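Asker: Okay, handing you the structure first.
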Amino acid sequence: MLTHQHTQQIRTERLLLRRFRAEDAESMYRNWASDPAVALFLSWEPHKDIEETKNVIARWIAAYEQPDYYHWVIELPGTGEVIGSVEVHEQSDRHERCEIGYVLAQAYWGNGLMTEAVAAVRDFMFIEVGYNRIQAKYDTKNPASGRVMVKAGMQYEGTLKQYKKRADGSFADLCLYSITQAEYNEIV
């Protein structure tokens, strides 16, 4: 049985994962929401202006009222700069499974920060909430995202052919990775 906890603050060695705040809009817009290179492999297009970012954050903040809503902004402690986010979606309480999605500002790619954030959320979802399975998907043209999944202990399950449409109109194949509670218990 799952024990939903709301989005709780999580500290890692280099990061603070916390709830979004209205004042995060400027950094989010500047660091990743307006960047076409970041949005290329996501389910949304780059934000056209900061008002769009403010509206999105307002919806997320309202959703924090729900105990099963999990969405963290990634902050660099000391600077207060927000550089990305991790969210849990496609949840099934009945089947005790969920999916993790994430985004990171381009300036911070390749430093292991996203792996650190995803591993922290994975730990929270297994230990605090009680999920049995966590999965994630990535566009095959973005193998760096797949490396995050592998480093977080997930294993390849298969490729979903032409699973989603990219912003440019082309269809993307997505690789599916997962980790179960039993597999997690073996690596911690």
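Please note that chains go A, B, ... in the order of the structure tokens, that every chain numbers its residues from 1, and that ligands are numbered from 1 in the order shown.
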Name the residues of region 2-175 of chain A that fall into helix (DSSP H, G or I) according to DSSP on the backbone, using the chain letters and numbers of this document, as a ChimeraX atom specification.
Answerer: /A:22-33,36-39,50-63,106-108,113-129,143-151
Asker: Output C-alpha atoms of each residue in that selection to a file, as a PDB file, in the first residue's frame.
Answerer:
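Result written to selection.pdb:
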```pdb
ATOM      1  CA  ALA A  22       6.381  31.771  -8.168  1.00  0.00           C
ATOM      2  CA  GLU A  23       9.744  33.537  -8.003  1.00  0.00           C
ATOM      3  CA  ASP A  24      11.385  30.620  -9.890  1.00  0.00           C
ATOM      4  CA  ALA A  25       9.805  31.779 -13.166  1.00  0.00           C
ATOM      5  CA  GLU A  26      12.636  34.031 -14.296  1.00  0.00           C
ATOM      6  CA  SER A  27      15.377  31.428 -13.751  1.00  0.00           C
ATOM      7  CA  MET A  28      13.266  28.646 -15.241  1.00  0.00           C
ATOM      8  CA  TYR A  29      12.493  30.694 -18.333  1.00  0.00           C
ATOM      9  CA  ARG A  30      16.101  31.805 -18.780  1.00  0.00           C
ATOM     10  CA  ASN A  31      17.790  28.482 -17.939  1.00  0.00           C
ATOM     11  CA  TRP A  32      15.654  25.898 -19.712  1.00  0.00           C
ATOM     12  CA  ALA A  33      12.023  26.674 -20.545  1.00  0.00           C
ATOM     13  CA  PRO A  36      14.914  24.986 -28.017  1.00  0.00           C
ATOM     14  CA  ALA A  37      17.822  22.561 -27.452  1.00  0.00           C
ATOM     15  CA  VAL A  38      16.375  21.545 -24.077  1.00  0.00           C
ATOM     16  CA  ALA A  39      12.776  21.254 -25.326  1.00  0.00           C
ATOM     17  CA  ILE A  50       8.055  34.551 -19.250  1.00  0.00           C
ATOM     18  CA  GLU A  51       4.275  34.842 -18.834  1.00  0.00           C
ATOM     19  CA  GLU A  52       3.924  31.313 -20.188  1.00  0.00           C
ATOM     20  CA  THR A  53       6.455  30.120 -17.611  1.00  0.00           C
ATOM     21  CA  LYS A  54       4.646  31.976 -14.817  1.00  0.00           C
ATOM     22  CA  ASN A  55       1.338  30.340 -15.808  1.00  0.00           C
ATOM     23  CA  VAL A  56       2.852  26.865 -15.879  1.00  0.00           C
ATOM     24  CA  ILE A  57       4.446  27.328 -12.455  1.00  0.00           C
ATOM     25  CA  ALA A  58       1.146  28.635 -11.042  1.00  0.00           C
ATOM     26  CA  ARG A  59      -0.582  25.407 -12.174  1.00  0.00           C
ATOM     27  CA  TRP A  60       2.166  23.308 -10.607  1.00  0.00           C
ATOM     28  CA  ILE A  61       1.986  25.218  -7.324  1.00  0.00           C
ATOM     29  CA  ALA A  62      -1.799  24.678  -7.185  1.00  0.00           C
ATOM     30  CA  ALA A  63      -1.284  20.945  -7.789  1.00  0.00           C
ATOM     31  CA  GLN A 106      21.893  22.947 -21.009  1.00  0.00           C
ATOM     32  CA  ALA A 107      24.675  24.742 -19.113  1.00  0.00           C
ATOM     33  CA  TYR A 108      24.628  21.928 -16.518  1.00  0.00           C
ATOM     34  CA  LEU A 113      23.641  16.506 -11.558  1.00  0.00           C
ATOM     35  CA  MET A 114      20.599  14.913 -13.183  1.00  0.00           C
ATOM     36  CA  THR A 115      21.675  11.436 -12.115  1.00  0.00           C
ATOM     37  CA  GLU A 116      22.002  12.751  -8.561  1.00  0.00           C
ATOM     38  CA  ALA A 117      18.521  14.292  -8.684  1.00  0.00           C
ATOM     39  CA  VAL A 118      16.852  11.255 -10.292  1.00  0.00           C
ATOM     40  CA  ALA A 119      18.479   8.883  -7.785  1.00  0.00           C
ATOM     41  CA  ALA A 120      17.191  11.035  -4.908  1.00  0.00           C
ATOM     42  CA  VAL A 121      13.645  11.000  -6.299  1.00  0.00           C
ATOM     43  CA  ARG A 122      13.914   7.247  -6.949  1.00  0.00           C
ATOM     44  CA  ASP A 123      14.915   6.735  -3.305  1.00  0.00           C
ATOM     45  CA  PHE A 124      12.026   8.876  -2.079  1.00  0.00           C
ATOM     46  CA  MET A 125       9.473   7.066  -4.236  1.00  0.00           C
ATOM     47  CA  PHE A 126      10.638   3.617  -3.121  1.00  0.00           C
ATOM     48  CA  ILE A 127      11.357   4.321   0.556  1.00  0.00           C
ATOM     49  CA  GLU A 128       8.851   7.012   1.535  1.00  0.00           C
ATOM     50  CA  VAL A 129       5.934   6.383  -0.855  1.00  0.00           C
ATOM     51  CA  PRO A 143      21.207   8.954 -25.352  1.00  0.00           C
ATOM     52  CA  ALA A 144      22.526  11.137 -22.510  1.00  0.00           C
ATOM     53  CA  SER A 145      19.092  10.829 -20.903  1.00  0.00           C
ATOM     54  CA  GLY A 146      19.402   7.048 -21.122  1.00  0.00           C
ATOM     55  CA  ARG A 147      22.745   7.180 -19.320  1.00  0.00           C
ATOM     56  CA  VAL A 148      21.007   8.964 -16.430  1.00  0.00           C
ATOM     57  CA  MET A 149      18.567   6.052 -16.190  1.00  0.00           C
ATOM     58  CA  VAL A 150      21.329   3.452 -16.223  1.00  0.00           C
ATOM     59  CA  LYS A 151      23.322   5.316 -13.560  1.00  0.00           C
TER      60      LYS A 151
END
```
Asker: Which one of A:Glu183, A:Asp93, A:Asp35, A:Glu45 sits closest to Asp168 (chain A) if you count only C-alpha atoms?
Answerer: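 Checking each of A:Glu183, A:Asp93, A:Asp35, A:Glu45 against Asp168 (chain A), counting only C-alpha atoms, the winner is A:Glu45.
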Asker: How far is it from CA of Ser178 (chain A) to CA of Met154 (chain A), in Å with one decimal?
Answerer: 4.8 Å
Asker: If we count only C-alpha atoms, what is near Ile134 (chain A) at a cut-off of 9 Å, once residues fewer than 2 positions away on the same chain are taken out, given as number ranges by chain?
Answerer: A: 96-100, 122, 125-126, 131-132, 136, 154, 177-181
Asker: Can I get the selection written as a compact mmCIF listing (two decimals), in the first residue's frame, with N, CA and C atoms?
Answerer:
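What follows is the written file again.txt:
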```
# COMPACT_ATOMS: atom_id res chain seq x y z
N GLU A 96 1.01 0.07 -8.16
CA GLU A 96 2.16 0.54 -7.40
C GLU A 96 3.35 0.86 -8.31
N ARG A 97 3.08 1.65 -9.35
CA ARG A 97 4.13 2.04 -10.27
C ARG A 97 3.99 3.50 -10.66
N CYS A 98 5.11 4.08 -11.11
CA CYS A 98 5.11 5.46 -11.56
C CYS A 98 6.23 5.66 -12.57
N GLU A 99 6.23 6.83 -13.18
CA GLU A 99 7.27 7.18 -14.14
C GLU A 99 7.92 8.49 -13.71
N ILE A 100 9.22 8.59 -13.93
CA ILE A 100 9.97 9.80 -13.62
C ILE A 100 10.32 10.50 -14.94
N ARG A 122 14.11 8.71 -6.96
CA ARG A 122 13.91 7.25 -6.95
C ARG A 122 13.89 6.74 -5.51
N MET A 125 10.67 7.78 -3.76
CA MET A 125 9.47 7.07 -4.24
C MET A 125 9.44 5.62 -3.75
N PHE A 126 10.59 4.98 -3.64
CA PHE A 126 10.64 3.62 -3.12
C PHE A 126 10.50 3.59 -1.60
N TYR A 131 6.41 2.72 -3.82
CA TYR A 131 6.17 2.14 -5.14
C TYR A 131 6.97 0.86 -5.32
N ASN A 132 6.46 -0.04 -6.15
CA ASN A 132 7.13 -1.29 -6.47
C ASN A 132 7.94 -1.18 -7.76
N ALA A 136 11.12 5.07 -16.68
CA ALA A 136 11.41 6.33 -17.37
C ALA A 136 11.59 6.00 -18.85
N MET A 154 18.41 1.76 -13.39
CA MET A 154 17.34 1.24 -14.24
C MET A 154 17.91 0.35 -15.34
N TYR A 177 13.05 2.21 -19.71
CA TYR A 177 13.89 1.67 -18.65
C TYR A 177 13.07 1.58 -17.37
N SER A 178 13.46 0.66 -16.48
CA SER A 178 12.74 0.54 -15.21
C SER A 178 13.63 -0.06 -14.14
N ILE A 179 13.15 0.08 -12.92
CA ILE A 179 13.75 -0.57 -11.76
C ILE A 179 12.61 -0.96 -10.82
N THR A 180 12.69 -2.16 -10.27
CA THR A 180 11.68 -2.62 -9.32
C THR A 180 12.22 -2.47 -7.89
N GLN A 181 11.33 -2.58 -6.94
CA GLN A 181 11.73 -2.50 -5.53
C GLN A 181 12.77 -3.57 -5.21
```
Asker: Have a look at CA of Gln5 (chain A) and CA of Val103 (chain A) and let me know their distance in Å, one decimal.
Answerer: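 Separation between CA of Gln5 (chain A) and CA of Val103 (chain A): 22.5 Å.
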Asker: Can you measure CA of Tyr102 (chain A) to CA of Gln162 (chain A) for me? One decimal in Å is fine.
Answerer: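 Pair CA of Tyr102 (chain A) / CA of Gln162 (chain A) returns 20.4 Å.
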Asker: Which residue, A:Arg133, A:Arg19, A:Lys48, A:Lys161, has the smallest gap to Glu90 (chain A) when you use only C-alpha atoms?
Answerer: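 When distances to Glu90 (chain A) are compared using only C-alpha atoms, the smallest one comes from A:Arg133.
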Asker: Of the residues A:Tyr70, A:Leu160, A:Gly101, A:Gly153, which is the one nearest to Ser43 (chain A), using only C-alpha atoms?
Answerer: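 Closest to Ser43 (chain A) of all the choices is A:Gly101.
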Asker: Give the strand (DSSP E or B) residues of region 128-164 of chain A, as assigned by DSSP on the backbone, as a list in words.
Answerer: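 DSSP on the backbone gives strand (DSSP E or B) at Arg133, Ile134, Gln135, Ala136, Lys137, Tyr138, Asp139, Gln155, Tyr156, Glu157, Gly158, Thr159, Leu160, Lys161, Gln162, Tyr163 and Lys164 of chain A.
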Asker: With distances taken over only C-alpha atoms, which residue among A:His6, A:Arg11, A:Val88, A:Phe41 lies nearest Asn142 (chain A)?
Answerer: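 Among the listed residues, the smallest separation from Asn142 (chain A) belongs to A:Phe41.
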Asker: Compile the contact shell of Lys165 (chain A) as a list in words: residues with an atom at most 12 Å away, counting only C-alpha atoms, same-chain residues fewer than 4 positions apart removed.
Answerer: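 So, after excluding close chain neighbours, the residues are Leu40, Phe41, Leu42, Ser43, Trp44, Glu45, Asp139, Lys161, Gly169, Ser170, Phe171, Ala172, Asp173 and Leu174 of chain A.
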Asker: The selected residues should be written to file as a compact mmCIF listing (two decimals), in the first residue's frame (atoms: all heavy atoms).
Answerer:
```
# COMPACT_ATOMS: atom_id res chain seq x y z
N LEU A 40 13.78 20.10 -27.22
CA LEU A 40 13.79 19.23 -28.39
C LEU A 40 13.26 17.83 -28.11
O LEU A 40 12.54 17.25 -28.91
CB LEU A 40 15.21 19.16 -28.97
CG LEU A 40 15.40 18.37 -30.25
CD1 LEU A 40 14.59 18.98 -31.39
CD2 LEU A 40 16.88 18.32 -30.62
N PHE A 41 13.60 17.28 -26.97
CA PHE A 41 13.22 15.90 -26.66
C PHE A 41 12.11 15.81 -25.62
O PHE A 41 11.84 14.74 -25.08
CB PHE A 41 14.44 15.13 -26.18
CG PHE A 41 15.57 15.15 -27.18
CD1 PHE A 41 16.75 15.80 -26.91
CD2 PHE A 41 15.42 14.53 -28.41
CE1 PHE A 41 17.78 15.83 -27.82
CE2 PHE A 41 16.44 14.56 -29.34
CZ PHE A 41 17.62 15.21 -29.05
N LEU A 42 11.46 16.92 -25.32
CA LEU A 42 10.40 16.94 -24.31
C LEU A 42 9.03 16.92 -24.96
O LEU A 42 8.89 17.00 -26.18
CB LEU A 42 10.57 18.18 -23.42
CG LEU A 42 11.91 18.29 -22.69
CD1 LEU A 42 12.00 19.60 -21.94
CD2 LEU A 42 12.11 17.11 -21.76
N SER A 43 8.01 16.88 -24.13
CA SER A 43 6.64 16.83 -24.64
C SER A 43 6.05 18.22 -24.83
O SER A 43 4.89 18.35 -25.21
CB SER A 43 5.76 16.01 -23.68
OG SER A 43 5.76 16.61 -22.40
N TRP A 44 6.84 19.27 -24.58
CA TRP A 44 6.35 20.64 -24.75
C TRP A 44 7.36 21.46 -25.54
O TRP A 44 8.54 21.14 -25.60
CB TRP A 44 6.07 21.29 -23.39
CG TRP A 44 7.14 21.11 -22.35
CD1 TRP A 44 7.22 20.11 -21.43
CD2 TRP A 44 8.28 21.95 -22.13
NE1 TRP A 44 8.34 20.27 -20.65
CE2 TRP A 44 9.01 21.40 -21.05
CE3 TRP A 44 8.76 23.11 -22.72
CZ2 TRP A 44 10.19 21.96 -20.57
CZ3 TRP A 44 9.94 23.68 -22.24
CH2 TRP A 44 10.63 23.10 -21.17
N GLU A 45 6.86 22.50 -26.15
CA GLU A 45 7.70 23.39 -26.94
C GLU A 45 8.29 24.48 -26.05
O GLU A 45 7.77 24.74 -24.97
CB GLU A 45 6.87 24.01 -28.07
CG GLU A 45 6.41 22.97 -29.07
CD GLU A 45 5.78 23.58 -30.30
OE1 GLU A 45 6.08 24.75 -30.63
OE2 GLU A 45 4.98 22.88 -30.94
N ASP A 139 13.92 9.70 -25.59
CA ASP A 139 14.00 9.76 -27.04
C ASP A 139 15.33 9.15 -27.47
O ASP A 139 16.38 9.52 -26.94
CB ASP A 139 13.88 11.22 -27.48
CG ASP A 139 13.78 11.42 -28.98
OD1 ASP A 139 14.55 10.77 -29.72
OD2 ASP A 139 12.96 12.26 -29.40
N LYS A 161 8.26 2.15 -30.58
CA LYS A 161 8.44 2.74 -31.90
C LYS A 161 7.44 3.86 -32.17
O LYS A 161 6.24 3.71 -31.91
CB LYS A 161 8.32 1.67 -32.97
CG LYS A 161 9.42 0.63 -32.87
CD LYS A 161 9.27 -0.43 -33.92
CE LYS A 161 10.36 -1.46 -33.79
NZ LYS A 161 10.20 -2.55 -34.75
N GLY A 169 7.60 17.82 -35.71
CA GLY A 169 6.65 17.02 -36.47
C GLY A 169 7.11 15.59 -36.74
O GLY A 169 6.32 14.77 -37.20
N SER A 170 8.36 15.28 -36.48
CA SER A 170 8.84 13.92 -36.69
C SER A 170 8.42 13.03 -35.52
O SER A 170 8.14 13.52 -34.42
CB SER A 170 10.37 13.91 -36.84
OG SER A 170 10.99 14.34 -35.65
N PHE A 171 8.39 11.74 -35.76
CA PHE A 171 8.02 10.79 -34.72
C PHE A 171 9.27 10.26 -34.03
O PHE A 171 10.28 9.99 -34.67
CB PHE A 171 7.20 9.64 -35.28
CG PHE A 171 5.79 10.02 -35.59
CD1 PHE A 171 5.44 10.39 -36.88
CD2 PHE A 171 4.84 10.03 -34.59
CE1 PHE A 171 4.13 10.77 -37.16
CE2 PHE A 171 3.54 10.40 -34.86
CZ PHE A 171 3.18 10.78 -36.16
N ALA A 172 9.19 10.09 -32.72
CA ALA A 172 10.32 9.64 -31.92
C ALA A 172 10.09 8.24 -31.39
O ALA A 172 9.00 7.90 -30.93
CB ALA A 172 10.52 10.59 -30.74
N ASP A 173 11.15 7.44 -31.48
CA ASP A 173 11.17 6.16 -30.78
C ASP A 173 11.66 6.45 -29.37
O ASP A 173 12.59 7.24 -29.17
CB ASP A 173 12.14 5.18 -31.45
CG ASP A 173 11.71 4.77 -32.85
OD1 ASP A 173 10.54 4.98 -33.21
OD2 ASP A 173 12.57 4.23 -33.58
N LEU A 174 11.04 5.80 -28.39
CA LEU A 174 11.44 6.00 -26.99
C LEU A 174 11.92 4.69 -26.40
O LEU A 174 11.29 3.64 -26.58
CB LEU A 174 10.27 6.52 -26.16
CG LEU A 174 9.65 7.86 -26.57
CD1 LEU A 174 8.58 8.26 -25.56
CD2 LEU A 174 10.69 8.94 -26.70
```
Asker: Return the single residue from A:Gly130, A:Gly110, A:Gly84, A:Gly158 that is closest to Arg18 (chain A), with distances computed using only C-alpha atoms.
Answerer: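 Looking only at the distances to Arg18 (chain A), the closest residue turns out to be A:Gly84.
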